[in-house]
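**Student:** File query-v5.cif below, mmCIF, C-alpha atoms:
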```cif
data_target
#
loop_
_atom_site.label_atom_id
_atom_site.label_comp_id
_atom_site.auth_asym_id
_atom_site.auth_seq_id
_atom_site.Cartn_x
_atom_site.Cartn_y
_atom_site.Cartn_z
CA MET A 1 -6.66 -7.56 17.41
CA ARG A 2 -9.15 -10.34 16.66
CA ASP A 3 -12.78 -9.70 17.52
CA PRO A 4 -13.78 -12.29 20.21
CA THR A 5 -17.13 -12.90 18.49
CA GLU A 6 -15.35 -14.17 15.39
CA GLY A 7 -14.68 -17.70 16.65
CA PRO A 8 -18.27 -18.95 16.15
CA LEU A 9 -18.52 -16.92 12.94
CA VAL A 10 -15.46 -18.61 11.45
CA ALA A 11 -16.80 -22.01 12.53
CA ALA A 12 -20.12 -21.28 10.81
CA LEU A 13 -18.34 -20.08 7.68
CA ARG A 14 -16.34 -23.30 7.59
CA ARG A 15 -19.63 -25.20 7.63
CA GLY A 16 -20.78 -23.08 4.69
CA GLU A 17 -23.62 -21.28 6.49
CA PRO A 18 -24.91 -18.37 4.36
CA ALA A 19 -26.07 -16.47 7.48
CA ALA A 20 -22.45 -16.32 8.72
CA PHE A 21 -21.32 -14.97 5.38
CA GLU A 22 -24.03 -12.31 5.50
CA VAL A 23 -22.80 -11.17 8.93
CA VAL A 24 -19.16 -10.98 7.78
CA TYR A 25 -20.18 -9.21 4.56
CA GLY A 26 -22.26 -6.68 6.48
CA ARG A 27 -19.49 -6.10 9.00
CA TYR A 28 -16.51 -5.60 6.68
CA ARG A 29 -17.95 -4.78 3.26
CA ALA A 30 -17.72 -0.99 3.45
CA ARG A 31 -14.26 -0.98 5.07
CA VAL A 32 -12.80 -3.37 2.49
CA TYR A 33 -14.35 -1.38 -0.34
CA ALA A 34 -13.12 1.97 0.99
CA PHE A 35 -9.62 0.48 1.42
CA LEU A 36 -9.59 -0.78 -2.18
CA ARG A 37 -11.09 2.44 -3.54
CA ARG A 38 -8.34 4.54 -1.95
CA LEU A 39 -5.65 2.05 -2.89
CA CYS A 40 -6.68 1.71 -6.56
CA ARG A 41 -7.90 5.30 -7.06
CA ARG A 42 -10.19 3.81 -9.74
CA GLY A 43 -13.79 2.78 -9.17
CA ASP A 44 -13.92 0.07 -11.84
CA VAL A 45 -10.76 -1.66 -10.57
CA ALA A 46 -11.91 -1.34 -6.96
CA ASP A 47 -15.24 -3.00 -7.91
CA ASP A 48 -13.44 -5.95 -9.54
CA LEU A 49 -10.99 -6.46 -6.69
CA PHE A 50 -13.78 -6.10 -4.14
CA GLN A 51 -15.73 -8.88 -5.85
CA GLU A 52 -12.67 -11.12 -6.09
CA THR A 53 -11.86 -10.61 -2.39
CA TRP A 54 -15.29 -11.86 -1.32
CA LEU A 55 -15.27 -14.72 -3.82
CA ARG A 56 -11.93 -15.82 -2.37
CA LEU A 57 -13.43 -15.83 1.10
CA ALA A 58 -16.41 -17.88 -0.08
CA ARG A 59 -14.23 -20.41 -1.93
CA HIS A 60 -11.72 -20.65 0.89
CA ALA A 61 -14.31 -20.80 3.71
CA PRO A 62 -14.14 -24.59 4.36
CA ARG A 63 -10.36 -24.36 4.71
CA LEU A 64 -10.25 -21.36 7.07
CA ARG A 65 -8.30 -21.99 10.27
CA SER A 66 -10.45 -21.80 13.39
CA ASP A 67 -8.29 -18.95 14.77
CA THR A 68 -8.55 -16.85 11.60
CA ASP A 69 -8.82 -13.09 12.12
CA LEU A 70 -11.35 -12.36 9.38
CA ARG A 71 -10.64 -8.63 9.15
CA ALA A 72 -6.90 -9.17 8.72
CA TRP A 73 -7.58 -12.05 6.30
CA LEU A 74 -9.83 -9.92 4.11
CA PHE A 75 -7.44 -6.96 4.05
CA THR A 76 -4.51 -9.26 3.24
CA VAL A 77 -6.38 -10.76 0.29
CA ALA A 78 -7.59 -7.35 -0.92
CA ARG A 79 -4.10 -5.88 -0.72
CA ASN A 80 -2.51 -8.89 -2.49
CA LEU A 81 -5.08 -8.65 -5.28
CA TRP A 82 -4.22 -4.98 -5.70
CA VAL A 83 -0.47 -5.79 -5.83
CA SER A 84 -1.11 -8.44 -8.53
CA HIS A 85 -3.31 -6.06 -10.47
CA ARG A 86 -0.69 -3.30 -10.32
CA ARG A 87 1.97 -5.72 -11.56
CA TRP A 88 -0.01 -6.63 -14.67
CA ALA A 89 -1.67 -3.30 -15.48
CA ASP A 90 0.10 -0.75 -17.65
CA PRO A 91 1.78 1.61 -15.15
CA ARG A 92 1.61 4.57 -17.55
CA ALA A 93 -2.15 4.17 -18.02
CA LEU A 94 -2.60 3.76 -14.26
CA GLY A 95 -0.64 6.93 -13.59
CA GLN A 96 -2.76 8.93 -16.03
CA VAL A 97 -6.05 7.68 -14.61
CA ALA A 98 -4.79 8.19 -11.06
CA MET A 99 -3.92 11.81 -11.70
CA ALA A 100 -7.34 12.31 -13.31
CA ALA A 101 -8.90 10.79 -10.15
CA VAL A 102 -6.96 13.22 -7.95
CA ASP A 103 -8.19 16.11 -10.09
CA GLU A 104 -11.80 14.94 -9.67
CA LEU A 105 -11.62 15.30 -5.89
CA PRO A 106 -13.17 18.48 -4.50
CA SER A 107 -10.77 21.38 -4.37
CA PRO A 108 -10.04 22.78 -0.87
CA GLU A 109 -11.56 26.16 -1.58
CA GLY A 110 -15.03 27.55 -0.91
CA PRO A 111 -17.33 29.11 1.75
CA ALA A 112 -16.25 28.79 5.39
CA ASP A 113 -19.32 27.15 6.89
CA ASP A 114 -18.56 24.55 9.63
CA ARG A 115 -19.86 21.52 7.76
CA VAL A 116 -18.32 22.68 4.53
CA GLU A 117 -15.05 23.27 6.34
CA ALA A 118 -15.06 19.72 7.72
CA ALA A 119 -15.85 18.35 4.26
CA LEU A 120 -13.04 20.40 2.77
CA ARG A 121 -10.65 19.14 5.42
CA VAL A 122 -11.56 15.54 4.55
CA ALA A 123 -11.23 16.31 0.84
CA ARG A 124 -7.80 17.81 1.47
CA VAL A 125 -6.68 14.63 3.27
CA GLU A 126 -8.14 12.49 0.47
CA ARG A 127 -6.24 14.52 -2.13
CA ALA A 128 -3.01 14.32 -0.17
CA LEU A 129 -3.42 10.57 0.31
CA ALA A 130 -4.24 10.01 -3.35
CA SER A 131 -1.09 11.85 -4.40
CA LEU A 132 1.21 9.48 -2.45
CA PRO A 133 2.97 6.45 -3.95
CA GLY A 134 1.10 3.12 -3.59
CA GLY A 135 3.48 1.70 -0.96
CA SER A 136 2.98 4.69 1.30
CA ARG A 137 -0.77 4.76 0.71
CA GLU A 138 -1.26 1.14 1.71
CA VAL A 139 0.62 1.48 5.00
CA LEU A 140 -1.25 4.69 5.93
CA LEU A 141 -4.59 3.14 5.04
CA LEU A 142 -3.94 0.09 7.19
CA VAL A 143 -2.50 1.86 10.23
CA GLY A 144 -4.04 5.32 9.99
CA VAL A 145 -7.49 4.65 8.56
CA GLU A 146 -8.23 1.05 9.54
CA GLY A 147 -6.45 1.22 12.89
CA PHE A 148 -4.45 -2.01 12.52
CA GLY A 149 -1.59 -2.37 14.98
CA GLN A 150 1.90 -2.23 13.55
CA ASP A 151 2.39 -6.01 13.97
CA GLU A 152 -0.89 -6.75 12.19
CA ALA A 153 -0.09 -4.31 9.37
CA ALA A 154 3.38 -5.87 8.99
CA ALA A 155 1.77 -9.31 8.68
CA ILE A 156 -0.75 -8.06 6.09
CA LEU A 157 2.00 -6.44 4.01
CA GLY A 158 4.35 -9.39 4.48
CA VAL A 159 7.20 -7.28 5.88
CA SER A 160 9.16 -7.24 9.14
CA HIS A 161 8.14 -5.00 12.04
CA GLU A 162 11.23 -2.85 11.47
CA ALA A 163 10.51 -2.46 7.74
CA LEU A 164 6.93 -1.50 8.56
CA ARG A 165 8.12 1.09 11.08
CA GLN A 166 10.41 2.66 8.48
CA ARG A 167 7.73 2.64 5.77
CA LEU A 168 5.21 4.18 8.14
CA GLY A 169 7.66 6.93 9.14
CA ARG A 170 8.39 7.74 5.50
CA ALA A 171 4.70 7.65 4.57
CA ARG A 172 3.82 10.01 7.43
CA ARG A 173 6.45 12.51 6.30
CA GLN A 174 5.15 12.31 2.71
CA LEU A 175 1.57 12.81 3.89
CA ALA A 176 2.51 15.77 6.09
CA SER A 177 4.31 17.41 3.20
CA ALA A 178 1.41 16.71 0.78
CA LEU A 179 -1.01 18.22 3.33
CA GLU A 180 1.18 21.31 3.58
CA ARG A 181 1.21 21.67 -0.20
CA ASN A 182 -2.61 21.45 -0.21
CA ASP A 183 -3.10 23.86 2.69
CA PRO A 184 -5.48 26.62 1.50
CA THR A 185 -4.50 28.99 4.37
CA GLU A 186 -0.88 28.87 3.22
CA ALA A 187 -1.96 29.50 -0.36
CA ILE A 188 -3.79 32.67 0.77
CA ALA A 189 -0.91 33.90 3.00
CA MET B 190 3.53 5.18 18.75
CA ASN B 191 1.69 3.25 21.47
CA GLY B 192 -1.88 3.10 22.74
CA SER B 193 -1.48 5.84 25.41
CA GLU B 194 0.01 8.49 23.10
CA PRO B 195 -2.32 10.57 20.93
CA PRO B 196 -1.76 9.78 17.24
CA PRO B 197 0.37 12.27 15.27
CA PRO B 198 -1.77 14.95 13.53
CA GLU B 199 -1.40 13.51 10.03
CA LEU B 200 -2.59 10.07 11.24
CA ALA B 201 -5.40 11.69 13.24
CA ALA B 202 -6.51 13.41 10.02
CA LEU B 203 -6.79 10.00 8.35
CA ARG B 204 -9.24 8.82 11.02
CA GLU B 205 -11.69 11.45 9.79
CA LEU B 206 -11.99 9.80 6.38
CA GLN B 207 -15.36 8.23 5.65
CA VAL B 208 -15.94 4.58 4.85
CA GLU B 209 -17.44 4.19 1.44
CA GLU B 210 -20.11 1.65 0.53
CA PRO B 211 -19.93 0.08 -2.93
CA ARG B 212 -22.78 0.96 -5.27
CA ALA B 213 -25.98 -1.01 -4.49
CA LEU B 214 -25.71 -2.91 -7.78
CA VAL B 215 -22.12 -4.02 -7.08
CA ARG B 216 -22.95 -4.81 -3.45
CA GLU B 217 -25.81 -7.10 -4.41
CA ARG B 218 -23.99 -8.75 -7.31
CA VAL B 219 -20.96 -9.57 -5.16
CA ARG B 220 -23.17 -10.87 -2.35
CA ARG B 221 -25.09 -13.17 -4.73
CA ARG B 222 -21.97 -14.54 -6.42
CA ALA B 223 -20.13 -15.06 -3.15
CA LEU B 224 -23.09 -16.93 -1.63
CA ALA B 225 -23.21 -19.17 -4.71
CA ALA B 226 -19.45 -19.79 -4.41
CA LEU B 227 -19.86 -20.56 -0.70
CA ALA B 228 -22.62 -23.08 -1.42
CA SER B 229 -20.52 -24.76 -4.09
CA SER B 230 -17.32 -24.87 -2.02
CA SER B 231 -19.04 -26.26 1.06
CA SER B 232 -20.94 -28.90 -0.92
CA ARG B 233 -17.61 -30.49 -1.88
CA GLY B 234 -16.81 -33.46 0.34
CA PRO B 235 -13.33 -34.10 1.80
CA GLY B 236 -12.61 -36.57 -1.05
CA GLN B 237 -13.34 -33.96 -3.68
CA ARG B 238 -11.24 -31.39 -1.83
CA LEU B 239 -8.29 -33.82 -1.73
CA LEU B 240 -8.75 -34.44 -5.43
CA VAL B 241 -8.66 -30.71 -6.22
CA ARG B 242 -5.75 -29.95 -3.89
CA PHE B 243 -3.43 -32.93 -4.44
CA ALA B 244 -4.54 -35.51 -7.00
CA MET B 245 -5.07 -33.13 -9.92
CA PRO B 246 -1.84 -31.16 -9.48
CA SER B 247 0.06 -34.46 -9.09
CA ALA B 248 -1.50 -35.85 -12.26
CA LEU B 249 -0.62 -32.66 -14.12
CA ALA B 250 2.98 -32.75 -12.89
CA ALA B 251 3.30 -36.43 -13.86
CA THR B 252 1.97 -35.70 -17.36
CA VAL B 253 4.50 -32.90 -17.81
CA VAL B 254 7.37 -35.14 -16.64
CA VAL B 255 6.33 -37.99 -18.99
CA TYR B 256 5.97 -35.56 -21.90
CA LEU B 257 9.37 -33.96 -21.27
CA ALA B 258 11.03 -37.39 -20.99
CA TRP B 259 9.48 -38.41 -24.30
CA ALA B 260 10.47 -35.10 -25.96
CA PHE B 261 14.11 -35.41 -24.83
CA THR B 262 14.29 -39.05 -25.94
CA ALA B 263 12.80 -38.20 -29.33
CA ALA B 264 15.10 -35.20 -29.78
CA GLY B 265 18.11 -37.38 -28.78
CA ALA B 266 17.10 -40.05 -31.28
CA LEU B 267 16.86 -37.48 -34.10
CA TYR B 268 20.29 -36.09 -33.17
CA ARG B 269 21.90 -39.55 -33.22
CA ARG B 270 20.52 -40.31 -36.70
#
```
Turn the structure described in the file into structure tokens.
**Tutor:**
Amino acid sequence: MRDPTEGPLVAALRRGEPAAFEVVYGRYRARVYAFLRRLCRRGDVADDLFQETWLRLARHAPRLRSDTDLRAWLFTVARNLWVSHRRWADPRALGQVAMAAVDELPSPEGPADDRVEAALRVARVERALASLPGGSREVLLLVGVEGFGQDEAAAILGVSHEALRQRLGRARRQLASALERNDPTEAIA
Amino acid sequence: MNGSEPPPPELAALRELQVEEPRALVRERVRRRALAALASSSSRGPGQRLLVRFAMPSALAATVVVYLAWAFTAAGALYRR
């Protein structure tokens, strides 16, 4: 849902006010970057797409509609840039780098201190997420991590509500099974 | 899944993931470039925007049409000879 404070912010952006851009950048920068980082699984690609997303906002600012939902707009652009990148990049090279990135994540083993345990749990989810196909990852990131509603996520992905519901169901099953595979307690048992 | 139901466990696990800031160097570079792009895009008047959006693509399309017409005529003339 659109943040009610965004109306004046969009108006200021349309007038080209740098202060408005700074506010939007401060508000969404980390979320957009984390989304791209998990989607690409590569830091260098995420950096490039992150830059392009914000340049698109800056160039498009005078033409923004007054009712624009900036968060949804930014995630739509970021996701479309990733889709274009994936189309042009060599899929074999991407697969190799992606698997290397999964291997770099911390392994869910180690001492059972509370904080360490929480960190391991997060690492386990990161590993499971990184092992999923791109289509499943994007829907889980939008709905599960970013908290977009199903209608908003469907609009960002350019699919119908029903298609989104099916993709989300499939992605959840894949994630649950990947989490099971990574479960250290099951490995010990 | 609606607002009143608790999210399924695998989606709840995703909520625990941290947001990640880009490196300071990237963050600052992107900010600087985007602000420059914002200044340049907002300094364009409506006339310039119309030129970029409609006049230039129309001129390009017209050039392509004229070129293709000439190429087909020339190729036809060669064939008739």
**Student:** Could you list the residues chosen by the PyMOL selection byres ((chain A) within 9 of (chain B)) in this structure as a compact mmCIF listing (two decimals) with C-alpha atoms, in the frame of the given file?
**Tutor:**
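Saved file out09.txt follows:
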```
# COMPACT_ATOMS: atom_id res chain seq x y z
CA LEU A 13 -18.34 -20.08 7.68
CA ARG A 14 -16.34 -23.30 7.59
CA ARG A 15 -19.63 -25.20 7.63
CA GLY A 16 -20.78 -23.08 4.69
CA GLU A 17 -23.62 -21.28 6.49
CA PRO A 18 -24.91 -18.37 4.36
CA PHE A 21 -21.32 -14.97 5.38
CA GLU A 22 -24.03 -12.31 5.50
CA TYR A 25 -20.18 -9.21 4.56
CA ARG A 29 -17.95 -4.78 3.26
CA ALA A 30 -17.72 -0.99 3.45
CA ARG A 31 -14.26 -0.98 5.07
CA VAL A 32 -12.80 -3.37 2.49
CA TYR A 33 -14.35 -1.38 -0.34
CA ALA A 34 -13.12 1.97 0.99
CA PHE A 35 -9.62 0.48 1.42
CA ARG A 37 -11.09 2.44 -3.54
CA ASP A 47 -15.24 -3.00 -7.91
CA PHE A 50 -13.78 -6.10 -4.14
CA GLN A 51 -15.73 -8.88 -5.85
CA GLU A 52 -12.67 -11.12 -6.09
CA TRP A 54 -15.29 -11.86 -1.32
CA LEU A 55 -15.27 -14.72 -3.82
CA ARG A 56 -11.93 -15.82 -2.37
CA LEU A 57 -13.43 -15.83 1.10
CA ALA A 58 -16.41 -17.88 -0.08
CA ARG A 59 -14.23 -20.41 -1.93
CA HIS A 60 -11.72 -20.65 0.89
CA ALA A 61 -14.31 -20.80 3.71
CA PRO A 62 -14.14 -24.59 4.36
CA ARG A 121 -10.65 19.14 5.42
CA VAL A 122 -11.56 15.54 4.55
CA ALA A 123 -11.23 16.31 0.84
CA VAL A 125 -6.68 14.63 3.27
CA GLU A 126 -8.14 12.49 0.47
CA LEU A 129 -3.42 10.57 0.31
CA LEU A 140 -1.25 4.69 5.93
CA LEU A 141 -4.59 3.14 5.04
CA VAL A 143 -2.50 1.86 10.23
CA GLY A 144 -4.04 5.32 9.99
CA VAL A 145 -7.49 4.65 8.56
CA GLU A 146 -8.23 1.05 9.54
CA GLY A 147 -6.45 1.22 12.89
CA ARG A 172 3.82 10.01 7.43
CA ARG A 173 6.45 12.51 6.30
CA LEU A 175 1.57 12.81 3.89
CA ALA A 176 2.51 15.77 6.09
CA LEU A 179 -1.01 18.22 3.33
```
**Student:** Report, in Å with one decimal, the straight-line distance from atom CA of Ser247 of chain B to atom CA of Trp259 of chain B.
**Tutor:**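 Going from atom CA of Ser247 of chain B over to atom CA of Trp259 of chain B, I get 18.3 Å.
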**Student:** Excluding segment 75-85 of chain A and its own-chain neighbours fewer than 5 positions away, which residues fall within 8 Å of it when counting all atoms listed in the file? Please give them as a short mmCIF file (atom, residue, chain, number, x, y, z; two decimals) with C-alpha atoms, in the frame of the given file.
**Tutor:**
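So the final result, stored in around-v6.cif, reads:
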```cif
data_model
loop_
_atom_site.label_atom_id
_atom_site.label_comp_id
_atom_site.auth_asym_id
_atom_site.auth_seq_id
_atom_site.Cartn_x
_atom_site.Cartn_y
_atom_site.Cartn_z
CA VAL A 32 -12.80 -3.37 2.49
CA LEU A 36 -9.59 -0.78 -2.18
CA LEU A 39 -5.65 2.05 -2.89
CA CYS A 40 -6.68 1.71 -6.56
CA LEU A 49 -10.99 -6.46 -6.69
CA PHE A 50 -13.78 -6.10 -4.14
CA THR A 53 -11.86 -10.61 -2.39
CA ARG A 56 -11.93 -15.82 -2.37
CA GLU A 138 -1.26 1.14 1.71
CA ILE A 156 -0.75 -8.06 6.09
CA LEU A 157 2.00 -6.44 4.01
#
```
**Student:** Can you tell me how far atom CA of Tyr268 of chain B sits from atom CA of Leu249 of chain B, in Å to one decimal?
**Tutor:**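 Between these atoms lies a distance of 28.5 Å.
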**Student:** Quick one: pull the distance between atom CA of Arg181 of chain A and atom CA of Ala128 of chain A, Å, one decimal.
**Tutor:** 8.5 Å
**Student:** Decode the PyMOL selection byres ((chain A and resi 163-168) around 9) for the given file into explicit residues and return them as a list in words.
**Tutor:**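 This file gives the following for the PyMOL selection byres ((chain A and resi 163-168) around 9): Gly135, Ser136, Val139, Leu140, Val143, Gln150, Asp151, Ala153, Ala154, Leu157, Val159, Ser160, His161, Glu162, Gly169, Arg170, Ala171, Arg172 and Arg173 of chain A.
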**Student:** Evaluate the PyMOL selection byres ((chain A and resi 5) around 12) on the structure here and hand back the selected residues as a CSV table (one decimal) with C-alpha atoms, in the frame of the given file.
**Tutor:**
```csv
chain,number,residue,atom,x,y,z
A,1,MET,CA,-6.7,-7.6,17.4
A,2,ARG,CA,-9.2,-10.3,16.7
A,3,ASP,CA,-12.8,-9.7,17.5
A,4,PRO,CA,-13.8,-12.3,20.2
A,6,GLU,CA,-15.4,-14.2,15.4
A,7,GLY,CA,-14.7,-17.7,16.6
A,8,PRO,CA,-18.3,-19.0,16.2
A,9,LEU,CA,-18.5,-16.9,12.9
A,10,VAL,CA,-15.5,-18.6,11.4
A,11,ALA,CA,-16.8,-22.0,12.5
A,12,ALA,CA,-20.1,-21.3,10.8
A,20,ALA,CA,-22.4,-16.3,8.7
A,23,VAL,CA,-22.8,-11.2,8.9
A,24,VAL,CA,-19.2,-11.0,7.8
A,27,ARG,CA,-19.5,-6.1,9.0
A,67,ASP,CA,-8.3,-19.0,14.8
A,68,THR,CA,-8.6,-16.8,11.6
A,69,ASP,CA,-8.8,-13.1,12.1
A,70,LEU,CA,-11.4,-12.4,9.4
```
